[in-house]
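S.K.: The following file, structure.cif, comprises mmCIF, C-alpha atoms:
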data_model
loop_
_atom_site.label_atom_id
_atom_site.label_comp_id
_atom_site.auth_asym_id
_atom_site.auth_seq_id
_atom_site.Cartn_x
_atom_site.Cartn_y
_atom_site.Cartn_z
CA MET A 1233 79.38 5.35 -77.71
CA ILE A 1234 81.06 7.41 -75.00
CA LYS A 1235 84.23 6.20 -73.48
CA PHE A 1236 85.23 7.07 -69.95
CA SER A 1237 88.83 7.53 -69.13
CA LYS A 1238 90.20 5.81 -66.10
CA ARG A 1239 93.02 8.25 -65.87
CA PRO A 1240 93.05 10.56 -62.84
CA SER A 1241 92.47 14.22 -63.55
CA THR A 1242 95.60 16.30 -63.79
CA ASP A 1243 93.72 19.56 -63.28
CA GLY A 1244 94.76 21.08 -59.90
CA GLU A 1245 91.32 22.72 -59.42
CA ALA A 1246 89.25 19.58 -59.71
CA GLY A 1247 87.23 18.69 -56.53
CA ILE A 1248 87.39 20.21 -53.03
CA SER A 1249 90.43 20.03 -50.85
CA LEU A 1250 90.33 18.92 -47.23
CA VAL A 1251 91.13 22.47 -46.08
CA GLU A 1252 88.09 23.81 -47.94
CA VAL A 1253 85.85 21.13 -46.41
CA ILE A 1254 87.06 22.06 -42.92
CA MET A 1255 86.55 25.80 -43.59
CA TYR A 1256 83.02 25.30 -44.95
CA SER A 1257 82.14 23.02 -42.04
CA ALA A 1258 83.44 25.56 -39.51
CA LEU A 1259 81.49 28.34 -41.22
CA THR A 1260 78.31 26.22 -41.19
CA VAL A 1261 78.76 25.45 -37.48
CA LEU A 1262 79.26 29.16 -36.76
CA VAL A 1263 76.09 30.15 -38.63
CA LEU A 1264 74.05 27.39 -36.96
CA THR A 1265 75.36 28.45 -33.53
CA VAL A 1266 74.27 32.06 -34.10
CA VAL A 1267 70.83 31.02 -35.37
CA GLY A 1268 70.41 28.53 -32.49
CA GLY A 1269 71.38 31.22 -29.98
CA MET A 1270 68.76 33.54 -31.42
CA PHE A 1271 66.08 30.85 -31.10
CA TYR A 1272 67.14 30.10 -27.52
CA ALA A 1273 67.04 33.80 -26.58
CA GLY A 1274 63.58 34.08 -28.13
CA PHE A 1275 62.27 31.11 -26.17
CA GLN A 1276 63.75 32.51 -22.94
CA ALA A 1277 62.12 35.90 -23.57
CA GLN A 1278 58.79 34.20 -24.22
CA ALA A 1279 59.02 32.22 -20.98
CA THR A 1280 59.90 35.35 -19.00
CA ALA A 1281 57.00 37.26 -20.55
CA LEU A 1282 54.63 34.41 -19.72
CA GLU A 1283 55.75 34.40 -16.07
CA ARG A 1284 55.34 38.19 -15.85
CA ASP A 1285 51.91 38.07 -17.49
CA THR A 1286 50.74 35.30 -15.14
CA ALA A 1287 51.86 37.25 -12.07
CA THR A 1288 50.29 40.46 -13.43
CA GLY A 1289 47.01 38.64 -14.08
CA ALA A 1290 46.89 37.32 -10.51
CA ALA A 1291 47.62 40.79 -9.12
CA GLN A 1292 44.88 42.32 -11.27
CA VAL A 1293 42.25 39.73 -10.30
CA VAL A 1294 42.92 40.16 -6.57
CA SER A 1295 43.05 43.95 -6.76
CA THR A 1296 39.80 44.14 -8.73
CA SER A 1297 38.05 41.78 -6.32
CA LEU A 1298 39.17 43.81 -3.30
CA GLN A 1299 38.25 47.15 -4.89
CA SER A 1300 34.76 46.10 -5.98
CA GLY A 1301 33.94 44.08 -2.88
CA ILE A 1302 35.15 46.49 -0.21
CA GLY A 1303 33.91 49.51 -2.16
CA ASN A 1304 30.40 48.04 -1.86
CA ALA A 1305 30.78 47.12 1.82
CA SER A 1306 29.19 48.76 4.83
CA ASP A 1307 31.70 47.40 7.34
CA VAL A 1308 35.13 45.75 7.16
CA LEU A 1309 37.48 43.94 9.49
CA VAL A 1310 41.14 42.98 9.05
CA SER A 1311 42.26 40.07 11.22
CA GLY A 1312 44.69 37.17 11.31
CA GLY A 1313 47.71 39.43 11.66
CA GLY A 1314 46.87 41.23 8.44
CA THR A 1315 46.16 38.12 6.38
CA MET A 1316 42.33 38.21 6.36
CA VAL A 1317 39.81 40.82 5.27
CA GLN A 1318 36.13 40.34 6.04
CA ALA A 1319 33.39 42.60 4.75
CA ARG A 1320 29.63 43.01 4.82
CA VAL A 1321 28.97 43.66 1.13
CA ALA A 1322 25.87 44.88 -0.68
CA ASN A 1323 24.40 41.95 -2.58
CA GLY A 1324 22.55 43.74 -5.36
CA THR A 1325 19.33 45.71 -5.53
CA ALA A 1326 17.30 46.90 -2.57
CA THR A 1327 14.50 44.49 -3.51
CA ASP A 1328 16.63 41.44 -2.63
CA SER A 1329 15.27 39.50 0.33
CA GLN A 1330 18.79 39.56 1.76
CA PRO A 1331 20.57 42.66 0.46
CA TRP A 1332 23.89 41.88 2.22
CA GLN A 1333 26.41 39.05 2.11
CA CYS A 1334 29.53 38.26 4.09
CA VAL A 1335 32.73 38.17 2.04
CA ALA A 1336 36.27 37.26 3.05
CA TRP A 1337 39.69 37.37 1.37
CA VAL A 1338 42.57 35.45 2.94
CA LEU A 1339 46.29 35.37 2.19
CA THR A 1340 47.06 31.75 3.09
CA PRO A 1341 50.40 30.55 4.49
CA ASN A 1342 51.20 28.83 1.17
CA GLY A 1343 50.83 32.12 -0.77
CA ASP A 1344 47.33 31.76 -2.22
CA VAL A 1345 44.81 34.58 -2.05
CA VAL A 1346 41.43 32.91 -1.59
CA TYR A 1347 37.92 34.33 -1.53
CA ASN A 1348 34.61 33.24 -0.08
CA SER A 1349 31.12 34.67 0.28
CA SER A 1350 28.18 33.56 2.38
CA SER A 1351 24.76 34.70 3.56
CA THR A 1352 26.02 34.24 7.14
CA ALA A 1353 29.23 35.01 8.99
CA ILE A 1354 32.25 33.22 7.53
CA THR A 1355 33.96 31.22 10.27
CA SER A 1356 35.58 28.38 8.30
CA THR A 1357 39.36 28.26 8.29
CA ASP A 1358 39.48 25.36 5.82
CA TYR A 1359 40.67 27.49 2.92
CA SER A 1360 41.24 24.47 0.67
CA THR A 1361 37.59 24.66 -0.46
CA TRP A 1362 37.66 28.41 -1.18
CA PRO A 1363 38.16 29.67 -4.75
CA VAL A 1364 41.74 30.81 -5.43
CA LEU A 1365 42.08 34.31 -6.88
CA GLY A 1366 45.88 34.36 -7.11
CA THR A 1367 48.93 32.29 -6.24
CA GLY A 1368 52.51 33.09 -5.23
CA ALA A 1369 51.44 36.02 -3.04
CA THR A 1370 53.14 37.69 -0.11
CA GLY A 1371 52.15 40.83 1.76
CA SER A 1372 49.42 41.98 4.11
CA PHE A 1373 46.24 43.95 4.66
CA SER A 1374 45.69 46.77 7.14
CA LEU A 1375 42.67 48.76 8.32
CA SER A 1376 42.35 52.41 9.24
CA SER A 1377 38.84 53.70 9.94
CA ASN A 1378 36.79 51.99 7.24
CA THR A 1379 39.64 51.91 4.70
CA VAL A 1380 41.49 48.72 3.86
CA ALA A 1381 45.04 49.10 2.53
CA TYR A 1382 46.74 46.20 0.80
CA SER A 1383 50.33 45.67 -0.22
CA LEU A 1384 50.90 42.38 -2.03
CA SER A 1385 53.47 40.89 -4.38
CA PHE A 1386 52.76 38.03 -6.77
CA THR A 1387 55.63 35.83 -7.91
CA THR A 1388 55.54 33.37 -10.79
CA GLY A 1389 58.88 31.82 -11.68
CA LYS A 1390 61.39 34.69 -11.67
CA ALA A 1391 58.79 37.44 -12.20
CA THR A 1392 57.44 39.40 -9.23
CA VAL A 1393 54.64 41.93 -9.64
CA PRO A 1394 53.76 44.24 -6.73
CA VAL A 1395 50.27 45.62 -6.24
CA ALA A 1396 49.23 48.09 -3.57
CA GLY A 1397 46.18 50.19 -2.96
CA SER A 1398 43.45 51.14 -0.59
CA VAL A 1399 39.68 51.12 -0.72
CA THR A 1400 37.06 52.54 1.61
CA ALA A 1401 33.84 50.76 2.54
CA ASN A 1402 31.18 53.19 1.29
CA ALA A 1403 27.84 51.36 1.41
CA VAL A 1404 25.15 52.18 3.95
CA GLY A 1405 22.06 50.18 4.76
CA SER A 1406 20.26 47.81 7.04
CA GLY A 1407 19.33 44.18 6.66
CA GLU A 1408 20.68 40.75 7.29
CA PRO A 1409 23.26 39.68 8.07
CA SER A 1410 23.77 42.59 10.42
CA SER A 1411 27.33 41.41 11.18
CA CYS A 1412 29.77 39.15 9.38
CA TRP A 1413 32.07 38.34 12.31
#
Let's see the structure in the file written out as structure tokens.
M.R.:
Amino acid sequence: MIKFSKRPSTDGEAGISLVEVIMYSALTVLVLTVVGGMFYAGFQAQATALERDTATGAAQVVSTSLQSGIGNASDVLVSGGGTMVQARVANGTATDSQPWQCVAWVLTPNGDVVYNSSSTAITSTDYSTWPVLGTGATGSFSLSSNTVAYSLSFTTGKATVPVAGSVTANAVGSGEPSSCW
């Protein structure tokens, strides 16, 4: 049988002193603070990248829509103080019964870029029913000859992405609708 002594240890190195506990605790807190800061910085970088990517995506969608639509147009008009572009756009092949369609892009007062197309002139100003191409936009459109220039900025959170360009209406042809405004 083993007997346990109830005498306290006389060895000065037995156990951990209070000073050592405080030092180890402080060191643990320091390491956890550094690791936590790294995680926080990583999450912030991810959020910033997401905002930038969202704004870049909106800019790309709007720019592509303008370039392809107006590039296939026979006539364009910028109105609304530079907030609306209307175009008579080729609809497809020459065998279509109606080879042209009316298309409009609008920069709304709340910063949405909306798009609509119709077989007749687009006169509706109820943009709430139009598909949204991009949000958080500012800028304007301008027209010189048959060339539409656009200068827009898209903001999501703290990220702002500018997009600018110009496109000339190149299509030629007859058919209906003969005018879209």
S.K.: On this structure, which residues satisfy the PyMOL selection byres ((chain A and resi 1348) around 9), written as a list in words?
M.R.: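 Residues picked by the PyMOL selection byres ((chain A and resi 1348) around 9): Cys1334, Val1335, Ala1336, Trp1337, Val1338, Val1346, Tyr1347, Ser1349, Ser1350, Ile1354, Tyr1359, Trp1362 and Pro1363 of chain A.
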S.K.: Which polymer residues, protein or nucleic acid, are no farther than 9 Å from (41.5, 53.0, 1.8), counting all atoms listed in the file, as a list in words?
M.R.: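 Output of the proximity query reads Leu1375, Ser1376, Ser1377, Asn1378, Thr1379, Val1380, Ala1381, Tyr1382, Gly1397, Ser1398, Val1399, Thr1400 and Ala1401 of chain A.
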S.K.: Keeping C-alpha atoms for every residue in the selection just given, could you write it to a file as a compact mmCIF listing (two decimals), keeping the file's coordinate frame?
M.R.:
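Writing the result to part.txt gives the following:
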# COMPACT_ATOMS: atom_id res chain seq x y z
CA LEU A 1375 42.67 48.76 8.32
CA SER A 1376 42.35 52.41 9.24
CA SER A 1377 38.84 53.70 9.94
CA ASN A 1378 36.79 51.99 7.24
CA THR A 1379 39.64 51.91 4.70
CA VAL A 1380 41.49 48.72 3.86
CA ALA A 1381 45.04 49.10 2.53
CA TYR A 1382 46.74 46.20 0.80
CA GLY A 1397 46.18 50.19 -2.96
CA SER A 1398 43.45 51.14 -0.59
CA VAL A 1399 39.68 51.12 -0.72
CA THR A 1400 37.06 52.54 1.61
CA ALA A 1401 33.84 50.76 2.54
S.K.: Counting all atoms listed in the file, what is within 9 Å of A:Phe1373, bar same-chain residues fewer than 5 positions away, as a PyMOL selection string?
M.R.: chain A and resi 1310-1311+1313-1317+1339+1380-1384
S.K.: Using atom CA of A:Gly1312 and atom CA of A:Pro1341 as the two end points, give the distance in Å to one decimal.
M.R.: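 Interatomic distance here is 11.1 Å.
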S.K.: Atom CA of A:Gly1407 and atom CA of A:Asn1323, how far apart in Å?
M.R.: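 So the two atoms, atom CA of A:Asn1323 and atom CA of A:Gly1407, lie 10.8 Å apart.
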S.K.: Can you list what the PyMOL selection byres ((chain A and resi 1353) around 8) grabs from this structure, as a VMD selection string?
M.R.: chain A and resid 1334 1350 to 1352 1354 to 1355 1409 1411 to 1413
S.K.: Can you tell me how far atom CA of A:Leu1298 sits from atom CA of A:Asp1285, in Å to one decimal?
M.R.: 19.9 Å
S.K.: So, counting only C-alpha atoms, which residue among A:Met1255, A:Met1270, A:Ala1279, A:Leu1264 is closest to A:Lys1390?
M.R.: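 For A:Lys1390, the nearest of the candidates is A:Ala1279.
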S.K.: Pick from A:Val1321, A:Leu1250, A:Leu1282, A:Ala1290: nearest to A:Ala1305, with all atoms listed in the file counted?
M.R.: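 Of A:Val1321, A:Leu1250, A:Leu1282, A:Ala1290, the one nearest A:Ala1305, counting all atoms listed in the file, is A:Val1321.
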S.K.: Go through A:Thr1357, A:Thr1370, A:Asn1304, A:Thr1388 and flag the residue nearest A:Trp1332, using only C-alpha atoms for the distances.
M.R.: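 Smallest separation from A:Trp1332 among the options: A:Asn1304.
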S.K.: Nearest to A:Pro1331 among A:Ser1360, A:Ser1306, A:Gln1292, A:Thr1392, with distances taken over all atoms listed in the file: which residue is it?
M.R.: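 The closest residue to A:Pro1331 is A:Ser1306.
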S.K.: Of the residues A:Asn1342, A:Thr1286, A:Ser1329, A:Thr1260, which is the one nearest to A:Val1393, using only C-alpha atoms?
M.R.: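 So, comparing all the options, the nearest one is A:Thr1286.
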S.K.: Please return as a list in words every residue within 6 Å of (52.8, 44.7, -7.5), taking into account only C-alpha atoms and the file's own coordinates.
M.R.: Ser1385, Val1393, Pro1394 and Val1395 of chain A
S.K.: Could you tell me which of A:Ala1369, A:Ala1322, A:Ala1391, A:Val1345 comes closest to A:Glu1408 if we count only C-alpha atoms?
M.R.: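 So, comparing all the options, the nearest one is A:Ala1322.
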